[in-house]
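Heads up, the thing below is written out as structure tokens.
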Amino acid sequence: MLGCIWQYVYTSFLRYWLKWLIRQATGKCELQRICSGYKPGATRTTKAEYSLQSSKNKVLRAALETDKNKLETCVDQIMKEKCVKPQKDPLFRENLHICLLQITGYSNLFVCVEDARKEVFDSENNVHETMLLKLWDLLMPNVKLESRITKQWGDIGFQGDDPKTDFRGMGMLGLINLVFFSENYTEEARQVLSHANHPKLGYSYAIVGINLTEMAYSLMKSGALKPHFYNTVQGTPELKDFHHLYCYLAYEFDKFWVEEEPESIMHFNQYREKFHNIVKTHLQDPHVSLTLTVGSKN
């Protein structure tokens with residue numbers, strides 16, 4: 001209770017006067033101090049984001065929802081509002097622009113991720129079908145698929161004869177992630193599949209992969225992935241950056257599973273939650289970078 005009261009008093013009254021006093025002493029506004037006082041990455045961008053969110057100035061708050069193509073104009077407006085002189089702080093415009101690209105880019109990326117998740121796998125859609133068959137060819141290059149509906153799909157971890165039913169939760173996002181991992185980290189994906197088919201420590205490769213897509217999606221939705229993207233993408237993150245994050249999760253979960261040696265796949269949820277907590281702990285590090293560095297083709 002006392003913490004909430006203090007937070008309210010600080011954000012509503014004390015913070016404004018503290019910023020004013022520091023500006024009088026340094027000659028720089030809070031955004032200037034952030035952009036010049038921290039290296040590019042999560043710490044700088046997160047502090048800039050909080051500064052903009054907490055501002056009583058409508059121009060500054062509106063910057064968080066500005067279109068990418070209008071950000072340069074937005075930065076100029078902020079500089080005018082905060083009386084920032086380019087001659088005295090020549091790097092401010094570029095540094096703030098990068099921060100805004102990352103902040104607004106994260107929100108836009110989630111929209112793209114959400115759109116892919118909402119797209120239902122359609123057997124009548126040639127693009128969807130081609131992508132599904134491509135997944136088989138990437139993972140099982142020496143085995144011919146006997147037919148579109150077959151028990152062979154179980155060999156790469158689908159539950160039934162027709163994989164389309166397994167994509168209901170994550171839609172096309174689940175399939176896109178599986179294909180991206182198999183296409184860009186082919187050797188690693190086949191290695192993970194071999195572990196998944198282990199007689200004792202095995203698990204359903206595709207089903208777990210879709211489950212990890214849900215994990216990545218939930219982390220993205222909660223904002224937990226901001227430090228990762230702010231550290232790894234110096235500009236606007238794209239959908240491929242989300243897919244690379246998925247590849248990291250898929251590869252690292254397999255390592256985790258093999259090292260833990262679960263007694264049975266029946267304990268999957270328990271180990272999934274343990275892995276989830278490990279990832280969330282990593283994301284609390286301001287220098288975090290959940291990047292799979294082996295064998296990428298993209």
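Each chain in the structure tokens gets a letter, A, B and so on, in the order shown; residues start at 1 in every chain, and ligands are counted from 1 in the order they appear.
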Got a sec: who's within 6 Å of stretch 202-218 of chain A, counting only C-alpha atoms, leaving out chain neighbours fewer than 4 positions off, as JSON, numbers by chain? {"A": [156, 157, 158, 174, 196, 197, 198]}
Would you save the residues of that selection, restricted to all heavy atoms, as an mmCIF file, in the first residue's frame?
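Wrote it out as selection-v8.cif, contents follow:
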data_model
loop_
_atom_site.group_PDB
_atom_site.id
_atom_site.type_symbol
_atom_site.label_atom_id
_atom_site.label_comp_id
_atom_site.auth_asym_id
_atom_site.auth_seq_id
_atom_site.Cartn_x
_atom_site.Cartn_y
_atom_site.Cartn_z
ATOM 1 N N ILE A 156 7.402 -36.618 -37.750
ATOM 2 C CA ILE A 156 7.964 -35.309 -37.432
ATOM 3 C C ILE A 156 7.139 -34.615 -36.332
ATOM 4 O O ILE A 156 7.227 -33.399 -36.155
ATOM 5 C CB ILE A 156 8.102 -34.392 -38.664
ATOM 6 C CG1 ILE A 156 6.752 -34.127 -39.325
ATOM 7 C CG2 ILE A 156 9.091 -34.991 -39.669
ATOM 8 C CD1 ILE A 156 6.839 -33.090 -40.461
ATOM 9 N N GLY A 157 6.359 -35.428 -35.614
ATOM 10 C CA GLY A 157 5.760 -34.930 -34.388
ATOM 11 C C GLY A 157 4.369 -34.354 -34.447
ATOM 12 O O GLY A 157 3.945 -33.660 -33.511
ATOM 13 N N PHE A 158 3.619 -34.647 -35.526
ATOM 14 C CA PHE A 158 2.221 -34.230 -35.547
ATOM 15 C C PHE A 158 1.375 -35.317 -34.892
ATOM 16 O O PHE A 158 1.761 -36.487 -34.858
ATOM 17 C CB PHE A 158 1.754 -33.954 -36.975
ATOM 18 C CG PHE A 158 2.297 -32.675 -37.548
ATOM 19 C CD1 PHE A 158 3.345 -32.691 -38.464
ATOM 20 C CD2 PHE A 158 1.775 -31.449 -37.158
ATOM 21 C CE1 PHE A 158 3.859 -31.505 -38.988
ATOM 22 C CE2 PHE A 158 2.276 -30.259 -37.671
ATOM 23 C CZ PHE A 158 3.322 -30.286 -38.584
ATOM 24 N N GLY A 174 2.428 -20.913 -36.339
ATOM 25 C CA GLY A 174 3.096 -22.141 -35.922
ATOM 26 C C GLY A 174 3.815 -22.822 -37.067
ATOM 27 O O GLY A 174 4.960 -23.257 -36.928
ATOM 28 N N ALA A 196 14.089 -35.621 -30.694
ATOM 29 C CA ALA A 196 12.662 -35.771 -30.428
ATOM 30 C C ALA A 196 12.186 -37.204 -30.701
ATOM 31 O O ALA A 196 11.207 -37.659 -30.101
ATOM 32 C CB ALA A 196 11.870 -34.789 -31.289
ATOM 33 N N ASN A 197 12.884 -37.906 -31.592
ATOM 34 C CA ASN A 197 12.509 -39.283 -31.931
ATOM 35 C C ASN A 197 13.263 -40.321 -31.100
ATOM 36 O O ASN A 197 13.188 -41.519 -31.388
ATOM 37 C CB ASN A 197 12.746 -39.533 -33.420
ATOM 38 C CG ASN A 197 11.709 -38.831 -34.283
ATOM 39 O OD1 ASN A 197 10.586 -38.595 -33.850
ATOM 40 N ND2 ASN A 197 12.086 -38.490 -35.501
ATOM 41 N N HIS A 198 13.963 -39.864 -30.069
ATOM 42 C CA HIS A 198 14.688 -40.787 -29.189
ATOM 43 C C HIS A 198 13.681 -41.701 -28.491
ATOM 44 O O HIS A 198 12.627 -41.244 -28.026
ATOM 45 C CB HIS A 198 15.486 -39.989 -28.146
ATOM 46 C CG HIS A 198 16.425 -40.829 -27.328
ATOM 47 N ND1 HIS A 198 16.006 -41.545 -26.222
ATOM 48 C CD2 HIS A 198 17.755 -41.059 -27.465
ATOM 49 C CE1 HIS A 198 17.050 -42.174 -25.705
ATOM 50 N NE2 HIS A 198 18.121 -41.893 -26.432
#
Pick out the residues sitting within 12 Å of stretch 116-120 of chain A, and hand them over as a list of chain:residue names; count only C-alpha atoms, and ignore anything fewer than 5 positions along from it in its own chain. A:Leu109, A:Phe110, A:Val111, A:Asn125, A:His128, A:Lys164, A:Thr165, A:Asp166, A:Phe167, A:Arg168, A:Gly169, A:Met170, A:Gly171, A:Met172, A:Leu173, A:Gly174, A:Leu175, A:Ile176, A:Asn177, A:Ile210, A:Thr213, A:Glu214, A:Ala216, A:Tyr217, A:Ser218, A:Leu239, A:Phe242, A:His243
Could you write those residues out with N, CA and C atoms, as a PDB file, in the first residue's frame?
ATOM      1  N   LEU A 109       5.416  -4.946 -34.899  1.00  0.00           N
ATOM      2  CA  LEU A 109       5.790  -6.342 -35.078  1.00  0.00           C
ATOM      3  C   LEU A 109       4.752  -7.254 -34.437  1.00  0.00           C
ATOM      4  N   PHE A 110       4.271  -6.868 -33.258  1.00  0.00           N
ATOM      5  CA  PHE A 110       3.267  -7.708 -32.609  1.00  0.00           C
ATOM      6  C   PHE A 110       1.997  -7.801 -33.455  1.00  0.00           C
ATOM      7  N   VAL A 111       1.646  -6.723 -34.126  1.00  0.00           N
ATOM      8  CA  VAL A 111       0.479  -6.743 -35.015  1.00  0.00           C
ATOM      9  C   VAL A 111       0.683  -7.786 -36.118  1.00  0.00           C
ATOM     10  N   ASN A 125      -5.792 -23.827 -49.684  1.00  0.00           N
ATOM     11  CA  ASN A 125      -4.866 -22.751 -50.017  1.00  0.00           C
ATOM     12  C   ASN A 125      -3.535 -23.359 -50.462  1.00  0.00           C
ATOM     13  N   HIS A 128      -0.451 -22.473 -48.345  1.00  0.00           N
ATOM     14  CA  HIS A 128      -0.407 -23.196 -47.074  1.00  0.00           C
ATOM     15  C   HIS A 128       0.041 -24.636 -47.284  1.00  0.00           C
ATOM     16  N   LYS A 164      -3.191 -30.320 -40.259  1.00  0.00           N
ATOM     17  CA  LYS A 164      -3.927 -29.052 -40.199  1.00  0.00           C
ATOM     18  C   LYS A 164      -4.644 -28.863 -38.858  1.00  0.00           C
ATOM     19  N   THR A 165      -5.043 -29.976 -38.226  1.00  0.00           N
ATOM     20  CA  THR A 165      -5.746 -29.854 -36.954  1.00  0.00           C
ATOM     21  C   THR A 165      -4.841 -29.388 -35.831  1.00  0.00           C
ATOM     22  N   ASP A 166      -3.538 -29.558 -35.981  1.00  0.00           N
ATOM     23  CA  ASP A 166      -2.591 -29.171 -34.928  1.00  0.00           C
ATOM     24  C   ASP A 166      -2.262 -27.682 -34.949  1.00  0.00           C
ATOM     25  N   PHE A 167      -2.651 -26.994 -36.012  1.00  0.00           N
ATOM     26  CA  PHE A 167      -2.334 -25.572 -36.128  1.00  0.00           C
ATOM     27  C   PHE A 167      -3.444 -24.666 -35.599  1.00  0.00           C
ATOM     28  N   ARG A 168      -4.490 -25.265 -35.032  1.00  0.00           N
ATOM     29  CA  ARG A 168      -5.642 -24.459 -34.621  1.00  0.00           C
ATOM     30  C   ARG A 168      -5.290 -23.392 -33.588  1.00  0.00           C
ATOM     31  N   GLY A 169      -4.406 -23.706 -32.655  1.00  0.00           N
ATOM     32  CA  GLY A 169      -4.079 -22.751 -31.606  1.00  0.00           C
ATOM     33  C   GLY A 169      -3.260 -21.562 -32.073  1.00  0.00           C
ATOM     34  N   MET A 170      -2.245 -21.811 -32.888  1.00  0.00           N
ATOM     35  CA  MET A 170      -1.329 -20.759 -33.326  1.00  0.00           C
ATOM     36  C   MET A 170      -1.458 -20.425 -34.799  1.00  0.00           C
ATOM     37  N   GLY A 171      -2.401 -21.053 -35.489  1.00  0.00           N
ATOM     38  CA  GLY A 171      -2.623 -20.730 -36.892  1.00  0.00           C
ATOM     39  C   GLY A 171      -1.376 -20.907 -37.742  1.00  0.00           C
ATOM     40  N   MET A 172      -1.264 -20.087 -38.771  1.00  0.00           N
ATOM     41  CA  MET A 172      -0.124 -20.177 -39.689  1.00  0.00           C
ATOM     42  C   MET A 172       1.188 -19.795 -39.029  1.00  0.00           C
ATOM     43  N   LEU A 173       1.128 -19.049 -37.938  1.00  0.00           N
ATOM     44  CA  LEU A 173       2.355 -18.661 -37.242  1.00  0.00           C
ATOM     45  C   LEU A 173       3.140 -19.892 -36.808  1.00  0.00           C
ATOM     46  N   GLY A 174       2.428 -20.913 -36.339  1.00  0.00           N
ATOM     47  CA  GLY A 174       3.096 -22.141 -35.922  1.00  0.00           C
ATOM     48  C   GLY A 174       3.815 -22.822 -37.067  1.00  0.00           C
ATOM     49  N   LEU A 175       3.155 -22.911 -38.225  1.00  0.00           N
ATOM     50  CA  LEU A 175       3.771 -23.550 -39.392  1.00  0.00           C
ATOM     51  C   LEU A 175       4.928 -22.712 -39.930  1.00  0.00           C
ATOM     52  N   ILE A 176       4.737 -21.411 -39.998  1.00  0.00           N
ATOM     53  CA  ILE A 176       5.798 -20.529 -40.504  1.00  0.00           C
ATOM     54  C   ILE A 176       7.057 -20.669 -39.658  1.00  0.00           C
ATOM     55  N   ASN A 177       6.885 -20.734 -38.335  1.00  0.00           N
ATOM     56  CA  ASN A 177       8.046 -20.886 -37.463  1.00  0.00           C
ATOM     57  C   ASN A 177       8.755 -22.220 -37.691  1.00  0.00           C
ATOM     58  N   ILE A 210       5.065 -25.976 -31.978  1.00  0.00           N
ATOM     59  CA  ILE A 210       3.904 -25.082 -31.954  1.00  0.00           C
ATOM     60  C   ILE A 210       3.699 -24.527 -30.541  1.00  0.00           C
ATOM     61  N   THR A 213       5.997 -21.776 -30.119  1.00  0.00           N
ATOM     62  CA  THR A 213       5.477 -20.592 -30.807  1.00  0.00           C
ATOM     63  C   THR A 213       4.535 -19.838 -29.883  1.00  0.00           C
ATOM     64  N   GLU A 214       3.704 -20.572 -29.154  1.00  0.00           N
ATOM     65  CA  GLU A 214       2.801 -19.945 -28.185  1.00  0.00           C
ATOM     66  C   GLU A 214       3.586 -19.237 -27.091  1.00  0.00           C
ATOM     67  N   ALA A 216       6.648 -17.920 -27.383  1.00  0.00           N
ATOM     68  CA  ALA A 216       7.216 -16.708 -27.983  1.00  0.00           C
ATOM     69  C   ALA A 216       6.144 -15.638 -28.156  1.00  0.00           C
ATOM     70  N   TYR A 217       4.964 -16.060 -28.596  1.00  0.00           N
ATOM     71  CA  TYR A 217       3.842 -15.134 -28.788  1.00  0.00           C
ATOM     72  C   TYR A 217       3.442 -14.473 -27.471  1.00  0.00           C
ATOM     73  N   SER A 218       3.326 -15.271 -26.420  1.00  0.00           N
ATOM     74  CA  SER A 218       2.921 -14.741 -25.108  1.00  0.00           C
ATOM     75  C   SER A 218       3.962 -13.777 -24.550  1.00  0.00           C
ATOM     76  N   LEU A 239       9.384  -9.336 -39.019  1.00  0.00           N
ATOM     77  CA  LEU A 239       8.828 -10.639 -38.683  1.00  0.00           C
ATOM     78  C   LEU A 239       9.917 -11.712 -38.615  1.00  0.00           C
ATOM     79  N   PHE A 242      11.381 -12.109 -35.231  1.00  0.00           N
ATOM     80  CA  PHE A 242      10.567 -12.943 -34.341  1.00  0.00           C
ATOM     81  C   PHE A 242      10.816 -14.414 -34.628  1.00  0.00           C
ATOM     82  N   HIS A 243      10.925 -14.775 -35.907  1.00  0.00           N
ATOM     83  CA  HIS A 243      11.181 -16.170 -36.265  1.00  0.00           C
ATOM     84  C   HIS A 243      12.548 -16.631 -35.760  1.00  0.00           C
TER      85      HIS A 243
END
For the contact check between stretch 193-237 of chain A and stretch 58-71 of chain A, emit one row per residue of stretch 193-237 of chain A within 12 Å, containing the shortest atom pair and the distance in Å rounded to one decimal, counting only C-alpha atoms, chain then rising number order, as a Markdown table.
| residue | atom | partner | partner_atom | distance |
| --- | --- | --- | --- | --- |
| A:Gly235 | CA | A:Lys68 | CA | 10.4 |
| A:Thr236 | CA | A:Lys68 | CA | 8.5 |
| A:Pro237 | CA | A:Lys68 | CA | 11.6 |
Between atom CA of A:Glu187 and atom CA of A:Val294, what is the spacing in Å? 9.5 Å
Give me, as JSON lines, the closest atom pair and its distance (Å, one decimal) for every residue of stretch 42-105 of chain A within a cut-off of 7 Å of stretch 28-37 of chain A, counting only C-alpha atoms, rows sorted by chain and rising number.
{"residue": "A:Arg44", "atom": "CA", "partner": "A:Ile34", "partner_atom": "CA", "distance": 6.1}
{"residue": "A:Lys47", "atom": "CA", "partner": "A:Ile34", "partner_atom": "CA", "distance": 6.9}
{"residue": "A:Ala48", "atom": "CA", "partner": "A:Leu31", "partner_atom": "CA", "distance": 6.3}
{"residue": "A:Lys82", "atom": "CA", "partner": "A:Cys29", "partner_atom": "CA", "distance": 6.8}
{"residue": "A:Phe92", "atom": "CA", "partner": "A:Cys35", "partner_atom": "CA", "distance": 6.4}
{"residue": "A:Asn95", "atom": "CA", "partner": "A:Cys35", "partner_atom": "CA", "distance": 5.9}
{"residue": "A:Leu96", "atom": "CA", "partner": "A:Cys35", "partner_atom": "CA", "distance": 6.6}
Export of prior selection with C-alpha atoms as a PDB file, in the first residue's frame:
ATOM      1  CA  ARG A  44      18.647   3.357 -23.305  1.00  0.00           C
ATOM      2  CA  LYS A  47      14.393   4.519 -20.308  1.00  0.00           C
ATOM      3  CA  ALA A  48      13.424   6.657 -23.304  1.00  0.00           C
ATOM      4  CA  LYS A  82      12.141  20.469 -25.336  1.00  0.00           C
ATOM      5  CA  PHE A  92      20.388  13.563 -30.109  1.00  0.00           C
ATOM      6  CA  ASN A  95      19.768   8.516 -31.118  1.00  0.00           C
ATOM      7  CA  LEU A  96      16.148   9.371 -30.330  1.00  0.00           C
TER       8      LEU A  96
END
Excluding same-chain residues fewer than 4 positions from A:Tyr230, what lies within 7 Å of it counting only C-alpha atoms, as an MDAnalysis selection string? chainID A and resid 41:42 45 102 226 234
Dump all heavy atoms for the selected residues as an mmCIF file, in the first residue's frame?
data_model
loop_
_atom_site.group_PDB
_atom_site.id
_atom_site.type_symbol
_atom_site.label_atom_id
_atom_site.label_comp_id
_atom_site.auth_asym_id
_atom_site.auth_seq_id
_atom_site.Cartn_x
_atom_site.Cartn_y
_atom_site.Cartn_z
ATOM 1 N N GLY A 41 20.809 0.232 -27.079
ATOM 2 C CA GLY A 41 20.374 -1.044 -26.546
ATOM 3 C C GLY A 41 19.183 -0.903 -25.629
ATOM 4 O O GLY A 41 18.535 0.150 -25.558
ATOM 5 N N ALA A 42 18.883 -1.983 -24.896
ATOM 6 C CA ALA A 42 17.667 -2.056 -24.108
ATOM 7 C C ALA A 42 17.596 -1.004 -23.006
ATOM 8 O O ALA A 42 16.533 -0.417 -22.784
ATOM 9 C CB ALA A 42 17.526 -3.450 -23.503
ATOM 10 N N THR A 45 16.812 2.489 -24.651
ATOM 11 C CA THR A 45 15.491 2.548 -25.272
ATOM 12 C C THR A 45 14.377 2.390 -24.243
ATOM 13 O O THR A 45 13.339 3.064 -24.335
ATOM 14 C CB THR A 45 15.368 1.474 -26.364
ATOM 15 O OG1 THR A 45 16.408 1.663 -27.332
ATOM 16 C CG2 THR A 45 14.026 1.554 -27.067
ATOM 17 N N GLN A 102 12.665 1.492 -32.611
ATOM 18 C CA GLN A 102 12.582 0.253 -31.846
ATOM 19 C C GLN A 102 11.262 0.162 -31.077
ATOM 20 O O GLN A 102 10.613 -0.885 -31.068
ATOM 21 C CB GLN A 102 13.764 0.161 -30.869
ATOM 22 C CG GLN A 102 15.109 -0.002 -31.560
ATOM 23 C CD GLN A 102 16.246 -0.066 -30.543
ATOM 24 O OE1 GLN A 102 16.344 0.780 -29.652
ATOM 25 N NE2 GLN A 102 17.103 -1.058 -30.685
ATOM 26 N N LYS A 226 10.889 -7.096 -25.200
ATOM 27 C CA LYS A 226 11.431 -5.787 -25.569
ATOM 28 C C LYS A 226 12.944 -5.702 -25.372
ATOM 29 O O LYS A 226 13.660 -5.256 -26.282
ATOM 30 C CB LYS A 226 10.731 -4.678 -24.786
ATOM 31 C CG LYS A 226 9.321 -4.372 -25.284
ATOM 32 C CD LYS A 226 8.700 -3.215 -24.511
ATOM 33 C CE LYS A 226 7.305 -2.888 -25.056
ATOM 34 N NZ LYS A 226 6.689 -1.746 -24.354
ATOM 35 N N GLN A 234 18.904 -2.743 -34.187
ATOM 36 C CA GLN A 234 19.102 -1.297 -34.076
ATOM 37 C C GLN A 234 18.256 -0.568 -35.108
ATOM 38 O O GLN A 234 18.754 0.024 -36.066
ATOM 39 C CB GLN A 234 20.589 -0.967 -34.248
ATOM 40 C CG GLN A 234 21.463 -1.464 -33.124
ATOM 41 C CD GLN A 234 21.012 -0.937 -31.767
ATOM 42 O OE1 GLN A 234 20.927 0.272 -31.558
ATOM 43 N NE2 GLN A 234 20.737 -1.839 -30.839
#
Any idea what's packed within 8 Å of stretch 272-286 of chain A, counting only C-alpha atoms, ignoring anything in its chain fewer than 4 positions away? Could you give it as a ChimeraX atom specification? /A:42-43,215,224-225,227-228,253,256,268
Write the selection just made, keeping C-alpha atoms, as a PDB file, in the first residue's frame?
ATOM      1  CA  ALA A  42      17.667  -2.056 -24.108  1.00  0.00           C
ATOM      2  CA  THR A  43      18.659   0.190 -21.216  1.00  0.00           C
ATOM      3  CA  MET A 215       5.538 -19.200 -25.649  1.00  0.00           C
ATOM      4  CA  ALA A 224       8.855  -9.261 -22.057  1.00  0.00           C
ATOM      5  CA  LEU A 225      10.747  -9.523 -25.361  1.00  0.00           C
ATOM      6  CA  PRO A 227      14.955  -6.029 -24.041  1.00  0.00           C
ATOM      7  CA  HIS A 228      15.878  -8.756 -26.533  1.00  0.00           C
ATOM      8  CA  PHE A 253      14.470 -26.154 -25.340  1.00  0.00           C
ATOM      9  CA  PHE A 256      17.300 -28.278 -21.937  1.00  0.00           C
ATOM     10  CA  PHE A 268       6.119 -32.014 -20.389  1.00  0.00           C
TER      11      PHE A 268
END
Pick from A:Ala250, A:Leu52, A:Ile78, A:Leu219: nearest to A:Ile103, with only C-alpha atoms counted? A:Leu52
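Between A:Lys134 and the residues A:Gln87, A:Ser182, A:Gln77, A:Ser147, the shortest atom-to-atom distance, using only C-alpha atoms, involves A:Ser182.
Minimum atom-to-atom distance to A:Ser194, evaluated using only C-alpha atoms, belongs to A:Val258 out of A:Lys80, A:Val258, A:Pro40, A:Met266.
We find atom CA of A:Asp137 and atom CA of A:Lys240 to be spaced 21.2 Å apart.
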